[in-house]
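Okay, structure first, notes after.
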Amino acid sequence: MNKDIKIGRVFLIVLDSLGIGGAPDAALYGDEGSDTLRSVMKSPFFRARNLGKLGLFRIAGNEEPEEEEKGREMSGPPCGSFARLREESKGKDTTTGHWELAGLISDAPFPTYPEGFPEEVISEFERRTGRGVLCNRPYSGTEVIRDYGEEHLRTGKLIVYTSADSVFQIAAHEEKVPVEELYGYCRIARAMLTGENGVGRVIARPFAGMPGNFYRTSRRHDFSLPPPGATLLDRLKGAGLDVLGVGKIGDIFAGRGLTENLGVNAGNDDGMAKTMRCAKREFRGLCFVNLVDFDEKYGHRNDVDGYASAVARFDDWLGGFLSVLRPEDVLMITADHGCDPAASGTDHSREDVPLLVYSPSLPGGTDLGVRRFSDVSASVLDLFGLRGGAGESFLPLLRKNG
């Protein structure tokens with residue numbers, strides 16, 4: 001790396017759930033054999049030429065077999081550097097993954113409720129909200145409104161459900177329960193769910209439509225536990241740098257550490273458009289992006305072709321994004337867990353994830369090996385001359401090979 005280049009901006013983009021298989025402890029989570037990327041690559045809609053140019057298919061254990069060369073452009077060395085990231089935290093959820101990418105390792109998993117929430121939790125929630133509860137079981141988000149939506153409209157009771165992740169989800173029809181009122185019920189649940197019942201996220205799931213044709217709307221909102229320690233975002237903000245959040249970042253970190261929360265309501269396309277606008281404006285610091293459609297719309301719904309099409313759409317956008325980066329910019333692309341759309345279940349999977357690092361001022365081609373999620377945080381801090389939190393910076397390897 002050219003030591004004369006002073007890094008001004010880092011773009012950290014999380015492709016939510018794009019795991020690459022191979023986590024050594026996957027069997028402990030019931031995920032042995034899961035490989036999100038490999039499953040998606042089998043779709044005729046898969047295309048990843050720009051990701052391939054950055055080094056996606058050079059990652060150890062992630063080499064593309066000869067019969068699956070579609071979307072690959074591998075002539076010459078990659079223009080990016082690459083690594084396989086392995087999670088140390090216990091769990092396989094969005095919050096845990098993002099927190100560790102931000103330098104905070106979770107030693108204990110968030111609680112999960114495979115049999116539904118305890119009666120005392122539901123009773124207290126009903127008492128505080130003045131509304132009854134339907135379901136209280138692990139459920140698919142689209143199926144739960146199909147099965148309970150009509151009764152919800154008739155009775156006004158809230159649909160409460162969970163999943164294999166540590167989530168307390170509340171679904172309500174926007175015409176029966178206005179969205180701001182639903183958010184208020186989520187805040188009540190968030191205040192209740194602490195200690196041994198401290199779930200990672202309380203999620204508002206508004207929906208609309210008629211019986212037989214219910215659909216979830218775009219005004220989902222996550223209410224996360226605040227991180228229990230200082231994160232990458234806190235440290236950058238504390239040093240006077242800009243920290244821009246796109247997508248679910250503001251929700252995942254409970255609004256903490258951001259100087260500007262751009263949010264996203266319309267999925268990946270809106271998130272990519274906002275990220276491009278950030279690249280064309282002036283700031284100094286981090287633009288932290290979560291693109292959730294891979295997970296929410298395709299992984300959880302076992303939609304292999306939809307997932308592959310979303311990767312291809314991001315890859316097309318990436319080509320244009322690379323062209324607007326400045327010499328003092330660094331781009332990092334990674335993921336937070338897996339969600340194999342070809343698996344028998346619909347939940348997250350414990351997988352390693354890719355890391356791709358690119359800058360116009362870097363020569364590329366450095367194999368960073370197998371590293372920890374938290375090394376991302378350490379490296380971003382190192383780029384700005386800062387320290388703190390878990391992880392080890394890979395910046396010395398880039399400088400050595402640059």
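Order determines the names: the first chain of the structure tokens is A, the second B, and so forth; residues in each chain are numbered 1 upward, and ligands are numbered 1 upward as they are shown.
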
If we count only C-alpha atoms, what is near stretch 195-200 of chain A at a cut-off of 9 Å, once residues fewer than 4 positions away on the same chain are taken out, given as number ranges by chain? A: 93-96, 110-112, 121, 165-168, 190, 223-225, 252

Practice item. Go through stretch 163-230 of chain A and collect every residue that DSSP, computed from the backbone, puts in strand (DSSP E or B); the answer should be as a ChimeraX atom specification. Key: /A:167-173,201-210,213-216,221-224

- Which residue, A:Ala230, A:Leu28, A:Leu51, A:Leu193, has the smallest gap to A:Trp317 when you use only C-alpha atoms?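 Using only C-alpha atoms, the shortest distance to A:Trp317 belongs to A:Leu51.
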
Given only C-alpha atoms, how would the per-residue table for stretch 226-266 of chain A near stretch 284-308 of chain A read, listing every residue at most 6 Å away with its closest atom pair and distance in Å to one decimal, sorted by chain and number, as JSON lines?
{"residue": "A:Leu241", "atom": "CA", "partner": "A:Gly285", "partner_atom": "CA", "distance": 5.0}
{"residue": "A:Asp242", "atom": "CA", "partner": "A:Gly285", "partner_atom": "CA", "distance": 4.7}
{"residue": "A:Val243", "atom": "CA", "partner": "A:Leu286", "partner_atom": "CA", "distance": 4.9}
{"residue": "A:Leu244", "atom": "CA", "partner": "A:Cys287", "partner_atom": "CA", "distance": 4.6}
{"residue": "A:Gly245", "atom": "CA", "partner": "A:Phe288", "partner_atom": "CA", "distance": 5.1}
{"residue": "A:Val246", "atom": "CA", "partner": "A:Val289", "partner_atom": "CA", "distance": 4.6}
{"residue": "A:Gly247", "atom": "CA", "partner": "A:Asn290", "partner_atom": "CA", "distance": 5.1}
{"residue": "A:Lys248", "atom": "CA", "partner": "A:Asn290", "partner_atom": "CA", "distance": 5.9}

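Take the candidates A:Lys274, A:Arg9, A:Lys400, A:Lys90 and check each one against A:Ile105 using only C-alpha atoms; the shortest distance goes to A:Lys90.
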
Can you tell me how far atom CA of A:His337 sits from atom CA of A:Phe207, in Å to one decimal?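 Distance between the two atoms: 26.4 Å.
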
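Atom CA of A:Pro118 lies 12.9 Å from atom CA of A:Pro138.
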
Worksheet item: When distances are computed from only C-alpha atoms, which of A:Phe125, A:Phe283, A:Phe11, A:Tyr183 shows the smallest separation from A:Lys157?
Response: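 Among the listed residues, the smallest separation from A:Lys157 belongs to A:Phe125.
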
*Distance criterion (only C-alpha atoms): nearest to A:Ala171 out of A:Arg128, A:Arg137, A:Lys280, A:Arg220*: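 With only C-alpha atoms as the atom set, the closest residue is A:Arg220.
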
A straight line from atom CA of A:Gly130 to atom CA of A:Glu150 spans 19.6 Å

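Considering the residues A:Ser374, A:Asn213, A:Thr162, A:Ser89 and counting only C-alpha atoms, A:Arg146 has its shortest atom-to-atom contact with A:Asn213.
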
*asked:* So that I can see what lies close to A:Phe394, please list as a PyMOL selection string the residues with an atom at most 10 Å from it, counting only C-alpha atoms and leaving out residues fewer than 3 positions away in the same chain.
replied: chain A and resi 83+368-369+371+375-376+378-380+382+391+397-399

What's the 6 Å shell around A:Asp31, counting only C-alpha atoms, without same-chain residues fewer than 4 positions away, as a PDB file with C-alpha atoms, in the first residue's frame?
ATOM      1  CA  ALA A  26     -21.396 -25.681  11.790  1.00  0.00           C
ATOM      2  CA  ALA A  27     -22.531 -29.092  13.073  1.00  0.00           C
ATOM      3  CA  SER A 349     -26.707 -20.976   8.826  1.00  0.00           C
TER       4      SER A 349
END

| task | Within stretch 87-279 of chain A, find each residue whose DSSP state, derived from the backbone, is helix (DSSP H, G or I), and express the selection as a VMD selection string. | result | chain A and resid 94 to 101 119 to 129 141 to 155 179 to 192 195 to 197 232 to 238 249 to 252 268 to 279

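For the residues A:Ser163, A:Asn136, A:Ser43, A:Thr346, ranking by smallest atom-to-atom distance to A:Ser123 using only C-alpha atoms places A:Asn136 first.
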